[in-house]
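Data block for work-v6.cif (mmCIF, C-alpha atoms):
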data_upload
#
loop_
_atom_site.label_atom_id
_atom_site.label_comp_id
_atom_site.auth_asym_id
_atom_site.auth_seq_id
_atom_site.Cartn_x
_atom_site.Cartn_y
_atom_site.Cartn_z
CA MET A 448 85.56 197.68 71.48
CA SER A 449 85.29 197.45 75.22
CA LEU A 450 85.49 194.15 77.02
CA LYS A 451 82.51 194.99 79.18
CA ARG A 452 79.30 194.14 77.39
CA THR A 453 75.79 193.84 78.64
CA ILE A 454 74.55 190.34 78.02
CA PRO A 455 71.02 190.44 76.61
CA MET A 456 68.23 188.74 78.50
CA THR A 457 67.45 186.40 75.61
CA THR A 458 70.96 184.93 75.70
CA VAL A 459 70.76 184.29 79.45
CA SER A 460 67.34 182.67 79.21
CA GLY A 461 68.46 180.63 76.19
CA PHE A 462 71.43 179.30 78.13
CA ALA A 463 69.20 178.49 81.09
CA VAL A 464 66.72 176.59 78.92
CA SER A 465 69.46 174.62 77.14
CA ALA A 466 71.12 173.77 80.48
CA PHE A 467 67.75 172.50 81.74
CA PHE A 468 67.37 170.32 78.66
CA VAL A 469 70.92 168.97 79.03
CA VAL A 470 70.29 168.02 82.65
CA THR A 471 66.99 166.37 81.77
CA ILE A 472 68.44 164.33 78.94
CA LEU A 473 71.35 163.29 81.14
CA ASN A 474 68.97 162.17 83.84
CA ILE A 475 67.01 160.05 81.38
CA LEU A 476 70.23 158.60 79.93
CA ILE A 477 71.70 157.64 83.29
CA LYS A 478 68.46 156.30 84.80
CA ASN A 479 67.38 154.16 81.86
CA MET A 480 70.69 152.68 80.79
CA PRO A 481 70.29 148.97 80.07
CA SER A 482 73.01 146.79 81.53
CA ASN A 483 73.48 144.70 78.40
CA ILE A 484 73.16 146.62 75.16
CA TYR A 485 72.58 144.48 72.11
CA ARG A 486 74.90 145.65 69.39
CA ALA A 487 74.46 144.95 65.70
CA GLY A 488 78.23 144.68 65.40
CA ASP A 489 78.33 141.45 67.44
CA GLU A 490 76.70 139.48 64.64
CA LEU A 491 79.13 140.95 62.14
CA LEU A 492 82.07 140.13 64.42
CA LYS A 493 80.89 136.52 64.54
CA LEU A 494 80.56 136.40 60.75
CA ASN A 495 83.88 138.15 60.38
CA SER A 496 86.03 135.13 61.25
CA SER A 497 84.81 133.29 58.16
CA GLU A 498 86.29 135.91 55.82
CA GLY A 499 89.88 135.64 56.99
CA VAL A 500 90.52 139.36 57.42
CA ALA A 501 92.22 140.61 60.55
CA ASN A 502 90.65 144.09 60.56
CA ALA A 503 86.92 143.92 61.23
CA VAL A 504 86.31 147.52 60.16
CA THR A 505 87.67 146.72 56.70
CA THR A 506 85.36 143.74 56.38
CA VAL A 507 82.37 145.87 57.37
CA VAL A 508 83.27 148.66 54.94
CA VAL A 509 84.18 146.53 51.96
CA TYR A 510 82.22 143.32 52.34
CA PHE A 511 79.11 143.66 54.52
CA ARG A 512 78.50 147.25 53.44
CA GLY A 513 80.18 146.92 50.04
CA PHE A 514 77.21 148.20 48.08
CA ASP A 515 77.02 151.32 50.27
CA THR A 516 80.72 151.94 49.71
CA LEU A 517 80.06 151.82 45.98
CA GLY A 518 77.40 154.50 46.44
CA GLU A 519 79.72 156.61 48.58
CA ILE A 520 82.39 156.45 45.92
CA ALA A 521 79.78 157.60 43.42
CA VAL A 522 79.03 160.60 45.68
CA LEU A 523 82.74 161.39 45.78
CA PHE A 524 82.95 161.15 41.99
CA ILE A 525 79.98 163.48 41.53
CA ALA A 526 81.48 166.01 43.96
CA SER A 527 84.80 165.93 42.09
CA LEU A 528 82.96 166.30 38.78
CA GLY A 529 81.01 169.26 40.11
CA ILE A 530 84.14 170.99 41.36
CA GLY A 531 85.76 170.49 37.98
CA LEU A 532 82.68 171.93 36.30
CA VAL A 533 82.31 174.93 38.59
CA LEU A 534 85.97 175.85 38.74
CA LYS A 535 86.64 175.24 35.05
CA SER A 536 89.24 177.77 33.98
CA THR A 537 87.95 179.98 31.17
CA THR A 538 91.39 181.16 30.13
CA LYS A 539 93.67 178.59 28.61
CA GLU A 540 97.03 180.36 28.77
CA LYS A 541 99.08 179.79 31.85
CA ILE A 542 100.06 182.65 34.10
CA GLU A 543 103.39 182.27 35.83
CA SER A 544 102.95 182.68 39.53
CA GLU A 545 105.60 183.47 42.10
CA GLU A 546 108.23 180.94 43.00
CA SER A 547 107.68 179.11 46.25
CA ASN A 548 110.16 179.82 48.99
CA PHE A 549 113.19 177.72 49.77
CA MET A 550 111.78 176.06 52.88
CA LEU A 551 108.71 174.77 51.08
CA LYS A 552 110.68 173.50 48.09
CA THR A 553 113.28 171.62 50.15
CA GLY A 554 110.67 170.28 52.55
CA ALA A 555 108.55 169.02 49.70
CA LYS A 556 111.53 167.29 48.10
CA LEU A 557 112.31 165.60 51.40
CA LEU A 558 108.80 164.71 52.51
CA SER A 559 106.69 164.02 49.43
CA PRO A 560 108.17 160.57 48.58
CA ILE A 561 107.75 159.50 52.19
CA ILE A 562 104.14 160.70 52.27
CA LEU A 563 103.31 158.95 48.98
CA ILE A 564 104.89 155.67 50.09
CA PHE A 565 103.14 155.91 53.45
CA GLY A 566 99.82 156.37 51.67
CA LEU A 567 100.50 153.31 49.53
CA TYR A 568 101.40 151.30 52.62
CA ILE A 569 98.20 152.34 54.40
CA MET A 570 96.24 151.38 51.29
CA ILE A 571 97.80 147.95 50.74
CA TYR A 572 97.82 146.89 54.41
CA GLY A 573 94.24 148.02 55.01
CA HIS A 574 93.02 144.51 55.77
CA LEU A 575 95.76 143.74 58.30
CA SER A 576 96.22 146.88 60.37
CA VAL A 577 94.62 150.27 60.85
CA GLY A 578 93.97 152.13 57.65
CA GLY A 579 92.57 151.30 54.28
CA GLY A 580 91.66 152.76 50.96
CA PHE A 581 89.90 155.93 52.10
CA GLN A 582 92.68 156.98 54.46
CA GLY A 583 95.48 155.99 52.09
CA GLY A 584 93.86 157.85 49.22
CA VAL A 585 93.56 161.03 51.26
CA ILE A 586 97.20 160.74 52.38
CA ILE A 587 98.31 160.39 48.75
CA ALA A 588 96.23 163.46 47.85
CA SER A 589 97.96 165.42 50.62
CA GLY A 590 101.34 164.43 49.16
CA VAL A 591 100.17 165.62 45.74
CA LEU A 592 99.02 168.89 47.34
CA LEU A 593 102.52 169.39 48.80
CA LEU A 594 104.09 168.78 45.37
CA LEU A 595 101.64 171.15 43.66
CA THR A 596 102.19 174.00 46.10
CA SER A 597 105.97 173.66 46.13
CA SER A 598 106.75 173.73 42.44
CA ASN A 599 105.35 175.46 39.37
CA HIS A 600 106.54 172.71 37.05
CA PHE A 601 104.63 169.84 38.60
CA HIS A 602 101.36 169.20 36.80
CA ILE A 603 98.81 166.45 37.13
CA SER A 604 97.97 164.88 33.79
CA HIS A 605 94.20 164.86 33.80
CA ARG A 606 94.10 162.14 31.15
CA VAL A 607 96.04 159.70 33.32
CA VAL A 608 93.92 160.51 36.37
CA GLU A 609 90.74 160.04 34.38
CA ARG A 610 91.96 156.66 33.15
CA LEU A 611 92.80 155.65 36.75
CA GLU A 612 89.36 156.70 37.99
CA THR A 613 87.58 154.88 35.19
CA PHE A 614 89.67 151.76 35.75
CA ALA A 615 88.94 151.78 39.48
CA GLY A 616 85.20 152.35 39.12
CA VAL A 617 84.75 149.78 36.35
CA SER A 618 86.80 147.12 38.13
CA TYR A 619 84.82 147.62 41.38
CA VAL A 620 81.56 146.93 39.53
CA MET A 621 83.13 144.09 37.53
CA ILE A 622 84.36 142.33 40.68
CA GLY A 623 80.88 142.72 42.14
CA LEU A 624 79.29 141.24 39.02
CA ILE A 625 81.74 138.30 38.95
CA GLY A 626 80.74 137.65 42.57
CA LEU A 627 77.10 137.80 41.50
CA ILE A 628 77.72 135.16 38.84
CA VAL A 629 80.01 132.87 40.82
CA MET A 630 78.73 133.21 44.39
CA ASP A 631 75.10 134.28 43.86
CA SER A 632 75.54 137.60 45.62
CA PHE A 633 76.82 141.00 44.54
CA LEU A 634 80.43 141.38 45.73
CA GLY A 635 80.58 137.74 46.76
CA ASN A 636 84.01 136.62 47.90
CA PHE A 637 84.96 134.28 45.06
CA LEU A 638 88.71 134.17 45.68
CA PRO A 639 90.11 131.68 48.23
CA HIS A 640 89.96 132.98 51.78
CA ASN A 641 91.11 130.61 54.49
CA ILE A 642 91.08 131.42 58.16
CA SER A 643 94.50 129.77 58.46
CA GLN A 644 95.99 132.50 56.25
CA MET A 645 94.68 135.30 58.46
CA GLY A 646 97.35 137.93 58.96
CA LEU A 647 99.19 137.31 55.71
CA LEU A 648 99.33 139.91 52.95
CA LEU A 649 97.59 137.58 50.51
CA SER A 650 94.50 136.73 52.51
CA GLY A 651 90.86 137.63 52.59
CA GLY A 652 90.04 136.98 48.94
CA ILE A 653 88.69 140.04 47.15
CA ILE A 654 88.59 142.33 50.20
CA PRO A 655 92.15 143.78 49.95
CA ILE A 656 91.78 144.09 46.16
CA ILE A 657 88.59 146.12 46.51
CA TYR A 658 90.11 148.33 49.19
CA ILE A 659 93.12 149.06 46.96
CA ILE A 660 90.69 149.96 44.15
CA VAL A 661 88.85 152.28 46.53
CA GLY A 662 92.19 153.83 47.46
CA ILE A 663 93.08 154.49 43.81
CA LYS A 664 89.69 156.08 43.23
CA VAL A 665 89.76 158.28 46.34
CA GLY A 666 93.37 159.31 45.78
CA SER A 667 92.85 160.33 42.16
CA GLU A 668 89.60 162.18 42.87
CA MET A 669 91.04 164.09 45.83
CA SER A 670 94.13 164.98 43.76
CA VAL A 671 91.91 166.32 40.99
CA ILE A 672 89.90 168.40 43.49
CA VAL A 673 93.11 169.89 44.94
CA ASP A 674 94.51 170.54 41.48
CA ASN A 675 91.32 172.29 40.31
CA MET A 676 91.23 174.55 43.35
CA LEU A 677 94.92 175.48 43.09
CA LYS A 678 94.73 176.14 39.34
CA ARG A 679 91.83 178.48 39.86
CA ASP A 680 93.98 180.33 42.34
CA ILE A 681 96.77 180.74 39.80
CA ASP A 682 94.38 181.92 37.08
CA ASP A 683 93.00 184.77 39.15
CA MET B 1193 90.23 162.22 96.99
CA ILE B 1194 91.73 161.93 93.54
CA GLU B 1195 90.93 158.23 93.42
CA THR B 1196 87.27 158.80 94.17
CA ILE B 1197 87.08 161.39 91.42
CA LEU B 1198 88.81 159.04 88.99
CA ASN B 1199 86.55 156.15 89.97
CA PHE B 1200 83.52 158.38 89.46
CA LEU B 1201 84.78 159.44 86.04
CA ASN B 1202 85.57 155.86 85.08
CA GLN B 1203 81.93 154.77 85.30
CA LYS B 1204 80.34 153.72 82.04
CA GLU B 1205 77.39 156.09 82.43
CA VAL B 1206 79.63 159.07 83.15
CA ILE B 1207 81.83 158.39 80.13
CA GLN B 1208 78.86 158.11 77.82
CA ALA B 1209 77.16 161.15 79.32
CA THR B 1210 80.35 163.16 78.85
CA VAL B 1211 80.49 162.14 75.21
CA VAL B 1212 76.83 163.05 74.70
CA ILE B 1213 77.13 166.43 76.43
CA GLY B 1214 80.36 167.30 74.65
CA SER B 1215 79.11 166.48 71.20
CA MET B 1216 75.79 168.18 71.94
CA GLY B 1217 77.65 171.32 73.00
CA LEU B 1218 79.75 171.24 69.85
CA PHE B 1219 76.60 170.77 67.78
CA LEU B 1220 74.97 173.76 69.51
CA ILE B 1221 78.08 175.89 68.84
CA GLY B 1222 77.80 175.01 65.15
CA LEU B 1223 74.06 175.71 65.15
CA PHE B 1224 74.64 179.07 66.86
CA GLY B 1225 77.15 180.01 64.18
CA LEU B 1226 74.79 178.86 61.45
CA LEU B 1227 71.96 181.02 62.81
CA THR B 1228 73.92 184.17 63.61
CA GLN B 1229 76.62 184.48 60.96
CA ARG B 1230 75.85 185.63 57.42
CA HIS B 1231 79.24 185.29 55.72
CA PHE B 1232 79.20 182.13 53.64
CA ILE B 1233 82.64 180.87 54.65
CA LYS B 1234 81.59 181.16 58.30
CA LEU B 1235 78.45 179.21 57.47
CA PHE B 1236 80.54 176.42 55.99
CA ILE B 1237 82.75 176.39 59.08
CA SER B 1238 79.64 176.10 61.27
CA ILE B 1239 78.27 173.20 59.23
CA GLU B 1240 81.64 171.48 59.51
CA ILE B 1241 81.65 171.90 63.31
CA MET B 1242 78.22 170.28 63.48
CA GLU B 1243 79.47 167.42 61.31
CA VAL B 1244 82.48 166.83 63.56
CA SER B 1245 80.19 166.73 66.59
CA ILE B 1246 78.24 163.88 65.01
CA PHE B 1247 81.49 162.00 64.28
CA LEU B 1248 82.55 162.41 67.92
CA LEU B 1249 79.17 161.19 69.15
CA PHE B 1250 79.31 158.01 67.06
CA ILE B 1251 82.90 157.14 67.91
CA GLY B 1252 82.53 158.05 71.58
CA LEU B 1253 79.37 156.03 72.10
CA SER B 1254 80.84 152.98 70.36
CA PHE B 1255 83.67 152.96 72.90
CA GLN B 1256 83.22 150.66 75.89
CA ARG B 1257 85.62 150.14 78.72
CA GLY B 1258 87.40 146.78 78.70
CA LEU B 1259 86.85 146.06 75.02
CA THR B 1260 89.61 146.22 72.42
CA ALA B 1261 89.69 147.73 68.96
CA PRO B 1262 87.95 145.53 66.36
CA MET B 1263 91.17 144.12 64.99
CA LEU B 1264 93.35 141.08 65.50
CA GLY B 1265 96.85 141.74 66.67
CA ASP B 1266 99.44 140.85 69.26
CA GLY B 1267 97.84 138.40 71.65
CA ILE B 1268 94.32 138.85 70.28
CA LYS B 1269 93.40 135.82 68.21
CA THR B 1270 89.59 135.76 68.17
CA PHE B 1271 86.85 138.26 67.44
CA THR B 1272 85.49 138.42 70.97
CA ASN B 1273 85.41 141.26 73.51
CA MET B 1274 85.69 143.86 70.79
CA ASN B 1275 84.13 147.22 70.17
CA ASP B 1276 81.38 147.63 67.61
CA PRO B 1277 83.00 148.01 64.14
CA ILE B 1278 79.94 149.56 62.47
CA PRO B 1279 80.29 153.15 63.76
CA HIS B 1280 83.97 153.15 62.80
CA ALA B 1281 83.12 152.01 59.28
CA MET B 1282 80.33 154.56 58.86
CA ILE B 1283 82.32 157.52 60.17
CA LEU B 1284 85.34 156.49 58.09
CA THR B 1285 83.42 157.03 54.87
CA ALA B 1286 81.45 160.01 56.21
CA ILE B 1287 84.66 161.98 56.82
CA VAL B 1288 85.86 161.64 53.22
CA ILE B 1289 82.41 162.31 51.73
CA GLY B 1290 81.91 165.33 54.01
CA MET B 1291 85.22 166.78 52.91
CA ALA B 1292 84.38 166.36 49.21
CA VAL B 1293 80.92 167.86 49.59
CA LEU B 1294 82.36 170.79 51.56
CA ALA B 1295 84.88 171.38 48.76
CA LEU B 1296 82.02 171.44 46.23
CA GLY B 1297 80.04 173.95 48.29
CA VAL B 1298 83.04 176.20 48.88
CA SER B 1299 83.96 176.20 45.19
CA MET B 1300 80.40 177.16 44.23
CA ALA B 1301 80.42 179.97 46.80
CA ILE B 1302 83.80 181.24 45.56
CA GLU B 1303 82.52 181.28 42.00
CA TYR B 1304 79.41 183.19 43.06
CA HIS B 1305 81.60 185.71 44.85
CA LYS B 1306 83.72 186.14 41.73
CA LEU B 1307 80.67 186.84 39.60
CA THR B 1308 78.82 189.19 41.94
CA GLY B 1309 81.20 190.29 44.71
CA ILE B 1310 78.72 189.32 47.41
CA THR B 1311 79.74 187.44 50.55
CA ASP B 1312 76.54 187.98 52.52
CA VAL B 1313 74.01 185.19 52.29
CA ASP B 1314 71.10 187.56 52.86
CA LYS B 1315 72.03 189.50 49.74
CA MET B 1316 72.22 186.44 47.49
CA ASN B 1317 68.81 187.15 45.97
CA ARG B 1318 69.60 187.56 42.30
CA LEU B 1319 67.01 185.01 41.31
CA ARG B 1320 64.27 186.87 43.11
CA ASN B 1321 64.46 190.01 40.98
#
Starting from the coordinates I provided, produce the structure as structure tokens.
Amino acid sequence: MSLKRTIPMTTVSGFAVSAFFVVTILNILIKNMPSNIYRAGDELLKLNSSEGVANAVTTVVVYFRGFDTLGEIAVLFIASLGIGLVLKSTTKEKIESEESNFMLKTGAKLLSPIILIFGLYIMIYGHLSVGGGFQGGVIIASGVLLLLTSSNHFHISHRVVERLETFAGVSYVMIGLIGLIVMDSFLGNFLPHNISQMGLLLSGGIIPIIYIIVGIKVGSEMSVIVDNMLKRDIDD
Amino acid sequence: MIETILNFLNQKEVIQATVVIGSMGLFLIGLFGLLTQRHFIKLFISIEIMEVSIFLLFIGLSFQRGLTAPMLGDGIKTFTNMNDPIPHAMILTAIVIGMAVLALGVSMAIEYHKLTGITDVDKMNRLRN
């Protein structure tokens, strides 16, 4: 393959047309920029102080958009279910694969507890600092991936993970229904939430509890996805 | 000289235009890959590049100079002068959902390849015959 290539005319004209469009759009953007943009987040930031949670993103995800988060978790569950269905191993007997190398085994022994504890920390402190259930769950799944790749003897018990998923999903809906009964709105904050307690671990009412539930759900589903994909690899 | 350049780059319009152009370019790269490549793994990579460009657009446009992250912390006691928390919240969930949906698509494609040995999308026409 030679480095010299004739560039076809269509490519050149395509680049010219797209550059023209970029310049036009830029011109419109710069000319018509309003000085004061009204943002929908300002209203939520004002409302946010009444919930007693230090991280506004957490309040938006779990409280103001709590119903959407429930739907997103359902999407995640369906994706995990589909992966389990598609990659279902037809052969039941286990095939011994090669041993992992020394570096991976020692590194996994050293790092996996730290990664798992870090994921738990991110999950539990989601309402006080950066992080939350989604991020913590994915970090926990990455720790599980490290354990699964490093050793042949580490297996995820699918029964336990299924129980965890069911518990998390059911308790999310139950907390929402209790809020509906007590506070007249789905996912109403029925636990005490004072502004004076803002910044403490026990603050914000149901918001940290729901984010921990989301973390359990995301972590278990991501771990199951990783496990299914790796098992398929061993079976082949 | 350098200060004038930095002052020009520090304008609000220039920052937002840079974000828009950059994410648009990334989106076009993904679209180009989607239209020209026929291997299914490359198609998934192209879709993922387009997705990341949308994430960058949302996060970049929500950023404004002089405003802090939407979080209380050292010295910040009230929810004023903060960035918009809604794009952060939406992209946060979109990343996880995108990853799970990508895993589903890839696993389906791998299974199809195991059954038929085809990696070309144009030749995936078993249902047509």
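The gap separating atom CA of A:Leu595 from atom CA of A:Gly554 is 12.7 Å, in Å to one decimal.
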What residues come out when you apply the PyMOL selection byres ((chain A) within 8 of (chain B)) to this file, written as a ChimeraX atom specification?
/A:469,473,476-477,480,486-489,492-493,495-496,501-505,507-508,516,519,522-523,526-527,529-530,533-534,576,581,585,669,672,676
Kindly give the distance, in Å, that separates atom CA of A:Ser650 and atom CA of A:His574, rounded to a single decimal.
8.6 Å
Evaluate the PyMOL selection byres ((chain A and resi 599-615) around 6) and record the selected residues as a list in words, following the chain and residue labels used in the document.
Ser598, Gly616, Val617, Ser618, Ile660, Lys664 and Ser667 of chain A
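Excluding B:Leu1226 itself and any same-chain residue fewer than 4 positions from it, the protein and nucleic acid residues within 10 Å of it, counting all atoms listed in the file, are Leu1220, Ile1221, Gly1222, Arg1230, His1231, Phe1232, Lys1234, Leu1235, Phe1236, Ile1237, Ser1238, Ile1239, Ile1241 and Met1242 of chain B.
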